[in-house]
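Below is the file model-v1.tsv, which contains TSV, C-alpha atoms.
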```tsv
chain	number	residue	atom	x	y	z
A	30	MET	CA	1.65	80.83	37.37
A	31	LEU	CA	3.73	77.67	37.77
A	32	SER	CA	1.17	76.17	40.13
A	33	GLN	CA	-1.50	76.83	37.49
A	34	PHE	CA	0.66	75.09	34.91
A	35	ILE	CA	1.10	72.08	37.19
A	36	ASN	CA	-2.66	71.78	37.75
A	37	TYR	CA	-3.84	72.82	34.27
A	38	ASN	CA	-4.49	69.20	33.31
A	39	HIS	CA	-3.09	65.84	34.38
A	40	GLN	CA	-4.52	63.70	31.58
A	41	CYS	CA	-3.78	63.81	27.88
A	42	PRO	CA	-6.62	65.61	26.04
A	43	LEU	CA	-6.04	63.32	23.06
A	44	CYS	CA	-5.96	59.85	24.61
A	45	ASP	CA	-6.90	60.41	28.30
A	46	LYS	CA	-3.70	58.76	29.57
A	47	PRO	CA	-1.91	60.31	32.59
A	48	LEU	CA	0.62	63.02	31.75
A	49	ASN	CA	4.23	62.87	32.94
A	50	LEU	CA	5.87	66.01	34.38
A	51	TYR	CA	9.52	66.95	33.77
A	52	MET	CA	11.91	69.82	34.55
A	53	ARG	CA	14.60	70.85	32.08
A	54	TRP	CA	17.69	72.95	32.76
A	55	GLN	CA	18.58	74.69	29.51
A	56	ASN	CA	21.62	73.03	27.86
A	57	SER	CA	21.96	70.75	30.85
A	58	MET	CA	20.09	68.09	32.84
A	59	PHE	CA	16.43	67.23	32.91
A	60	PHE	CA	14.40	65.64	35.68
A	61	GLN	CA	11.24	63.62	36.10
A	62	ALA	CA	8.71	64.62	38.75
A	63	LYS	CA	7.17	62.44	41.43
A	64	SER	CA	4.34	63.60	43.67
A	65	LEU	CA	5.04	63.38	47.41
A	66	GLY	CA	1.65	64.66	48.41
A	67	LYS	CA	-0.55	67.69	47.90
A	68	ASP	CA	1.48	70.57	46.39
A	69	ILE	CA	4.83	68.79	46.89
A	70	LEU	CA	6.88	67.50	43.96
A	71	GLU	CA	10.23	65.73	43.91
A	72	PHE	CA	12.38	66.04	40.77
A	73	ASN	CA	14.95	63.32	40.14
A	74	SER	CA	17.48	63.26	37.32
A	75	TYR	CA	16.15	61.44	34.27
A	76	ALA	CA	19.74	60.81	33.17
A	77	TYR	CA	20.64	58.96	36.40
A	78	ALA	CA	19.13	55.67	35.23
A	79	TYR	CA	20.79	56.20	31.86
A	80	ALA	CA	24.14	56.80	33.56
A	81	GLY	CA	23.71	53.73	35.72
A	82	THR	CA	23.56	51.44	32.72
A	83	GLU	CA	26.52	52.99	30.94
A	84	ILE	CA	28.97	54.79	33.25
A	85	ASN	CA	31.27	56.65	30.89
A	86	GLU	CA	33.64	59.60	31.20
A	87	GLU	CA	30.78	62.05	30.58
A	88	PHE	CA	28.85	60.88	33.63
A	89	LYS	CA	31.52	59.93	36.20
A	90	PRO	CA	32.27	63.46	37.51
A	91	LYS	CA	28.54	64.24	37.70
A	92	LEU	CA	27.19	61.19	39.54
A	93	ASP	CA	26.82	63.07	42.86
A	94	ILE	CA	24.67	65.68	41.13
A	95	LEU	CA	22.75	63.08	39.16
A	96	SER	CA	21.79	61.21	42.33
A	97	SER	CA	20.52	64.40	44.05
A	98	SER	CA	16.97	65.74	43.80
A	99	MET	CA	14.98	68.97	44.07
A	100	LEU	CA	11.77	69.44	46.03
A	101	LEU	CA	9.22	71.99	44.83
A	102	ARG	CA	6.47	73.09	47.22
A	103	PHE	CA	3.57	75.46	46.69
A	104	LYS	CA	2.45	77.30	49.82
A	105	ASP	CA	0.39	80.49	50.09
A	106	ASN	CA	0.99	81.35	46.42
A	107	LYS	CA	4.75	80.95	46.89
A	108	MET	CA	7.17	78.47	45.30
A	109	LEU	CA	9.60	76.93	47.80
A	110	THR	CA	12.54	74.83	46.65
A	111	GLU	CA	14.84	72.48	48.53
A	112	PHE	CA	17.83	70.46	47.29
A	113	THR	CA	19.31	67.26	48.68
A	114	SER	CA	22.84	68.48	47.92
A	115	ASN	CA	24.63	71.83	47.76
A	116	GLU	CA	26.19	70.78	44.47
A	117	LEU	CA	22.78	70.47	42.83
A	118	ALA	CA	21.61	73.78	44.36
A	119	ASN	CA	24.66	75.61	43.01
A	120	GLU	CA	24.27	74.02	39.59
A	121	ALA	CA	20.60	75.03	39.41
A	122	LYS	CA	21.52	78.71	39.73
A	123	LYS	CA	23.54	78.54	36.49
A	124	HIS	CA	20.66	77.65	34.17
A	125	GLN	CA	17.36	78.88	32.91
A	126	ILE	CA	14.68	76.31	33.67
A	127	TYR	CA	11.40	75.23	32.14
A	128	PHE	CA	8.88	72.53	32.99
A	129	PHE	CA	6.96	70.34	30.59
A	130	TYR	CA	4.26	67.68	30.53
A	131	LEU	CA	4.43	64.79	28.08
A	132	CYS	CA	1.95	62.03	27.37
A	133	ASN	CA	4.19	59.16	26.27
A	134	PRO	CA	7.61	58.96	28.00
A	135	LYS	CA	8.81	56.48	25.37
A	136	SER	CA	9.07	59.45	22.99
A	137	ILE	CA	12.13	60.70	24.93
A	138	LYS	CA	15.50	59.65	23.57
A	139	GLN	CA	18.40	60.21	25.97
A	140	LYS	CA	21.57	61.06	24.01
A	141	GLY	CA	23.92	62.01	26.84
A	142	PHE	CA	24.21	63.91	30.10
A	143	ALA	CA	22.74	67.13	28.69
A	144	ASP	CA	21.24	66.03	25.39
A	145	PHE	CA	17.90	64.45	24.59
A	146	SER	CA	15.20	64.64	21.96
A	147	ILE	CA	11.42	64.23	21.98
A	148	SER	CA	9.40	62.79	19.13
A	149	LEU	CA	6.05	64.58	19.10
A	150	TYR	CA	4.68	61.84	16.85
A	151	LYS	CA	5.32	59.29	19.62
A	152	GLY	CA	4.72	61.75	22.43
A	153	CYS	CA	1.08	62.45	21.52
A	154	TYR	CA	0.75	65.61	23.67
A	155	TYR	CA	3.25	68.13	25.08
A	156	ARG	CA	3.02	71.44	26.87
A	157	SER	CA	5.66	73.61	28.53
A	158	THR	CA	6.19	76.72	30.63
A	159	PRO	CA	8.04	79.94	29.90
A	160	PHE	CA	11.61	80.04	31.26
A	161	TYR	CA	12.29	80.37	34.98
A	162	GLU	CA	15.53	80.97	36.85
A	163	PHE	CA	16.81	81.30	40.40
A	164	LYS	CA	17.05	84.95	41.38
A	165	GLN	CA	18.56	86.40	44.54
A	166	SER	CA	16.57	88.99	46.50
A	167	PRO	CA	18.14	91.96	48.36
A	168	ASN	CA	18.06	89.89	51.57
A	169	LYS	CA	20.21	87.21	49.86
A	170	ILE	CA	17.41	84.63	49.51
A	171	TRP	CA	17.32	82.63	46.29
A	172	SER	CA	13.94	81.82	44.79
A	173	LEU	CA	12.58	80.49	41.51
A	174	ASP	CA	11.05	83.23	39.38
A	175	ILE	CA	10.05	83.78	35.77
A	176	VAL	CA	12.79	85.16	33.49
A	177	ASN	CA	10.68	87.52	31.40
A	178	PRO	CA	8.15	89.52	33.48
A	179	ASP	CA	6.03	90.00	30.34
A	180	TYR	CA	5.20	86.30	30.48
A	181	LYS	CA	4.07	86.17	34.11
A	182	LYS	CA	0.45	85.61	33.07
A	183	ILE	CA	1.25	82.88	30.53
A	184	VAL	CA	0.39	79.44	31.91
A	185	ASN	CA	1.57	77.41	28.90
A	186	LYS	CA	4.39	78.61	26.66
A	187	ASP	CA	3.90	75.81	24.11
A	188	GLU	CA	1.13	73.29	23.69
A	189	SER	CA	1.61	70.62	21.03
A	190	PHE	CA	-0.28	67.55	19.95
A	191	ALA	CA	-0.05	64.88	17.25
A	192	PHE	CA	-2.73	62.61	15.81
A	193	ASN	CA	-3.22	60.54	12.68
A	194	SER	CA	-5.71	58.87	10.38
A	195	LEU	CA	-5.38	55.57	8.51
A	196	GLU	CA	-6.74	54.85	5.05
A	197	ASN	CA	-5.82	51.49	3.55
A	198	ASN	CA	-2.02	51.42	3.95
A	199	LEU	CA	-1.64	55.21	4.07
A	200	GLU	CA	-1.04	56.95	7.39
A	201	LYS	CA	-1.72	60.69	7.52
A	202	VAL	CA	0.02	62.45	10.40
A	203	TYR	CA	-1.05	65.85	11.75
A	204	MET	CA	0.82	67.94	14.34
A	205	ILE	CA	-0.04	71.32	15.82
A	206	ASN	CA	1.93	73.62	18.11
A	207	LEU	CA	0.31	76.57	19.87
A	208	ASP	CA	2.97	79.12	20.87
A	209	TYR	CA	1.41	81.44	23.44
A	210	GLU	CA	4.50	83.67	23.67
A	211	LYS	CA	4.83	84.36	19.95
A	212	LYS	CA	1.06	84.09	19.50
A	213	GLU	CA	1.53	81.74	16.56
A	214	THR	CA	0.21	78.34	15.49
A	215	LEU	CA	2.56	76.01	13.63
A	216	LEU	CA	1.07	73.17	11.57
A	217	TRP	CA	2.87	70.07	10.28
A	218	HIS	CA	1.51	67.31	8.07
A	219	TYR	CA	2.88	64.35	6.16
A	220	SER	CA	1.65	61.06	4.67
A	221	ILE	CA	3.51	57.75	4.72
A	222	THR	CA	2.71	54.25	3.43
A	223	ASP	CA	3.50	50.93	5.07
A	224	GLU	CA	6.11	50.37	2.35
A	225	ASP	CA	7.75	53.72	3.07
A	226	LYS	CA	8.09	52.80	6.75
A	227	LYS	CA	10.21	49.80	5.80
A	228	VAL	CA	12.76	52.00	4.01
A	229	LYS	CA	15.57	52.94	6.41
A	230	GLY	CA	16.05	56.69	6.60
A	231	PHE	CA	12.94	57.47	4.54
A	232	ARG	CA	11.89	61.12	4.91
A	233	PRO	CA	8.35	61.98	3.78
A	234	ASN	CA	7.45	65.32	2.26
A	235	LEU	CA	6.62	67.61	5.16
A	236	PHE	CA	4.02	70.35	4.97
A	237	GLU	CA	4.59	73.28	7.34
A	238	LYS	CA	2.51	76.39	7.82
A	239	THR	CA	2.49	79.18	10.40
A	240	ILE	CA	-0.74	81.01	11.11
A	241	PRO	CA	-1.86	83.40	13.89
A	242	LEU	CA	-2.58	81.84	17.26
A	243	LEU	CA	-5.94	80.10	17.23
A	244	PRO	CA	-8.49	81.99	19.35
A	245	SER	CA	-9.17	78.81	21.31
A	246	ARG	CA	-7.58	75.39	21.59
A	247	PRO	CA	-9.14	72.88	19.18
A	248	LYS	CA	-11.29	70.19	20.76
A	249	LEU	CA	-9.03	67.17	20.90
A	250	GLY	CA	-11.18	64.29	22.11
A	251	ARG	CA	-11.69	61.24	19.92
A	252	GLU	CA	-15.26	62.30	19.17
A	253	HIS	CA	-13.92	65.54	17.66
A	254	ARG	CA	-11.00	63.98	15.74
A	255	ASP	CA	-12.65	63.74	12.30
A	256	ARG	CA	-13.80	67.36	12.45
A	257	LEU	CA	-10.31	68.47	13.51
A	258	ILE	CA	-8.75	66.57	10.60
A	259	GLU	CA	-11.19	68.25	8.21
A	260	ARG	CA	-10.21	71.62	9.65
A	261	PHE	CA	-6.52	70.78	9.29
A	262	ASN	CA	-7.02	69.71	5.66
A	263	SER	CA	-8.76	73.03	4.94
A	264	TRP	CA	-5.70	74.89	6.26
A	265	ILE	CA	-3.53	72.82	3.90
A	266	ILE	CA	-5.77	73.55	0.90
A	267	MET	CA	-5.88	77.28	1.69
A	268	SER	CA	-2.09	77.43	1.68
```
Please express what this file holds, its structure, as structure tokens.
Amino acid sequence: MLSQFINYNHQCPLCDKPLNLYMRWQNSMFFQAKSLGKDILEFNSYAYAYAGTEINEEFKPKLDILSSSMLLRFKDNKMLTEFTSNELANEAKKHQIYFFYLCNPKSIKQKGFADFSISLYKGCYYRSTPFYEFKQSPNKIWSLDIVNPDYKKIVNKDESFAFNSLENNLEKVYMINLDYEKKETLLWHYSITDEDKKVKGFRPNLFEKTIPLLPSRPKLGREHRDRLIERFNSWIIMS
């Protein structure tokens, strides 16, 4: 199903900009993908550039790993992986792994070697896979496989998007997350004025609501935005 995830969409359904693909090792590194041709992806450490500008004690012992990369190939419905160093290959076997697409890379904030955050408000659109891990077969071959067999048919684990509307100096922000594993939809909403934005540390009142998974993904294009906002406001009123 990973190949289906990769090819599910390559443009943001909200703004039509190209999506950026990443790989995350749980509680460890994350990588940005680069296409090397049809069905071949190269993943390079996102933290490497960060480390290069500020070499500190956290990064020094890991620079060899940070400068290595992983190749992911899809061939005959199989996932084939290659590493440019044994150190990176051995490290990969220690972690559960997921992949995610993100619209705006400026929404990523690197905090350290293994710590980062994503602002959905800035990110616009996000979707991710279930967890994968490297498993060893009886013939001693390691391969990337899904952690939970119950999720083999799930293409997207999470799909999230954020949009807003402006009225005078009031910005209304709407965010939706579709969780295909839990079969839930999480809604967020808040309003903020231009004056509020100038106040350092200001935290608007946040509306949150969990409802069953929507039977189909809302239409996200700009021509459907007003109708989607009306639908979102009806969910808020009904709560």
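Candidate residues A:Lys226, A:His253, A:Arg156, A:Lys135 were compared for distance to A:Tyr209, and the nearest is A:Arg156, using only C-alpha atoms.
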Looking at all atoms listed in the file, which of A:Met52, A:Glu71, A:Leu149, A:Pro233 is the one that sits closest to A:Leu109?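 Selected residue with least distance to A:Leu109: A:Glu71.
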Pairwise distance for atom CA of A:Asp68 and atom CA of A:Thr110, rounded to one decimal in Å: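 Going from atom CA of A:Asp68 over to atom CA of A:Thr110, I get 11.9 Å.
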Could you check how far atom CA of A:Thr214 sits from atom CA of A:His124, in Å to one decimal? 27.7 Å
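From atom CA of A:Asp174 back to atom CA of A:Lys67, the distance works out to 21.2 Å.
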Given the choices A:Leu207, A:Leu31, A:Leu100, A:Val176, which gets closest to A:Ser64 if the distance is worked out from all atoms listed in the file? A:Leu100
Identify, on the basis of only C-alpha atoms, every residue whose closest approach to A:Phe103 does not exceed 8 Å; exclude the query and any residue fewer than 3 positions from it along the same chain; express the result as a compact mmCIF listing (two decimals) with C-alpha atoms, keeping the file's coordinate frame.
```txt
# COMPACT_ATOMS: atom_id res chain seq x y z
CA SER A 32 1.17 76.17 40.13
CA ASP A 68 1.48 70.57 46.39
CA ILE A 69 4.83 68.79 46.89
CA ASN A 106 0.99 81.35 46.42
CA LYS A 107 4.75 80.95 46.89
CA MET A 108 7.17 78.47 45.30
CA LEU A 109 9.60 76.93 47.80
```
Selected residue of minimal separation from A:Arg246 among A:Glu224, A:Tyr203, A:Asp187, A:Pro159, counting all atoms listed in the file: A:Asp187
My list of candidates is A:Arg251, A:Glu237, A:Leu195, A:Phe112. Which is closest to A:Cys41 when distances are computed with all atoms listed in the file?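 Nearest candidate to A:Cys41 out of A:Arg251, A:Glu237, A:Leu195, A:Phe112: A:Arg251.
Restricting the calculation to all atoms listed in the file, the smallest distance between A:Ile94 and any of A:Tyr127, A:Phe59, A:Phe160, A:Phe145 is found for A:Phe59.
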Find the spatial neighbours of A:Asn49, counting all atoms listed in the file, within a cut-off of 8 Å - ignore same-chain residues fewer than 2 positions away - and output them as a PyMOL selection string. chain A and resi 47+51+61-62+130-134
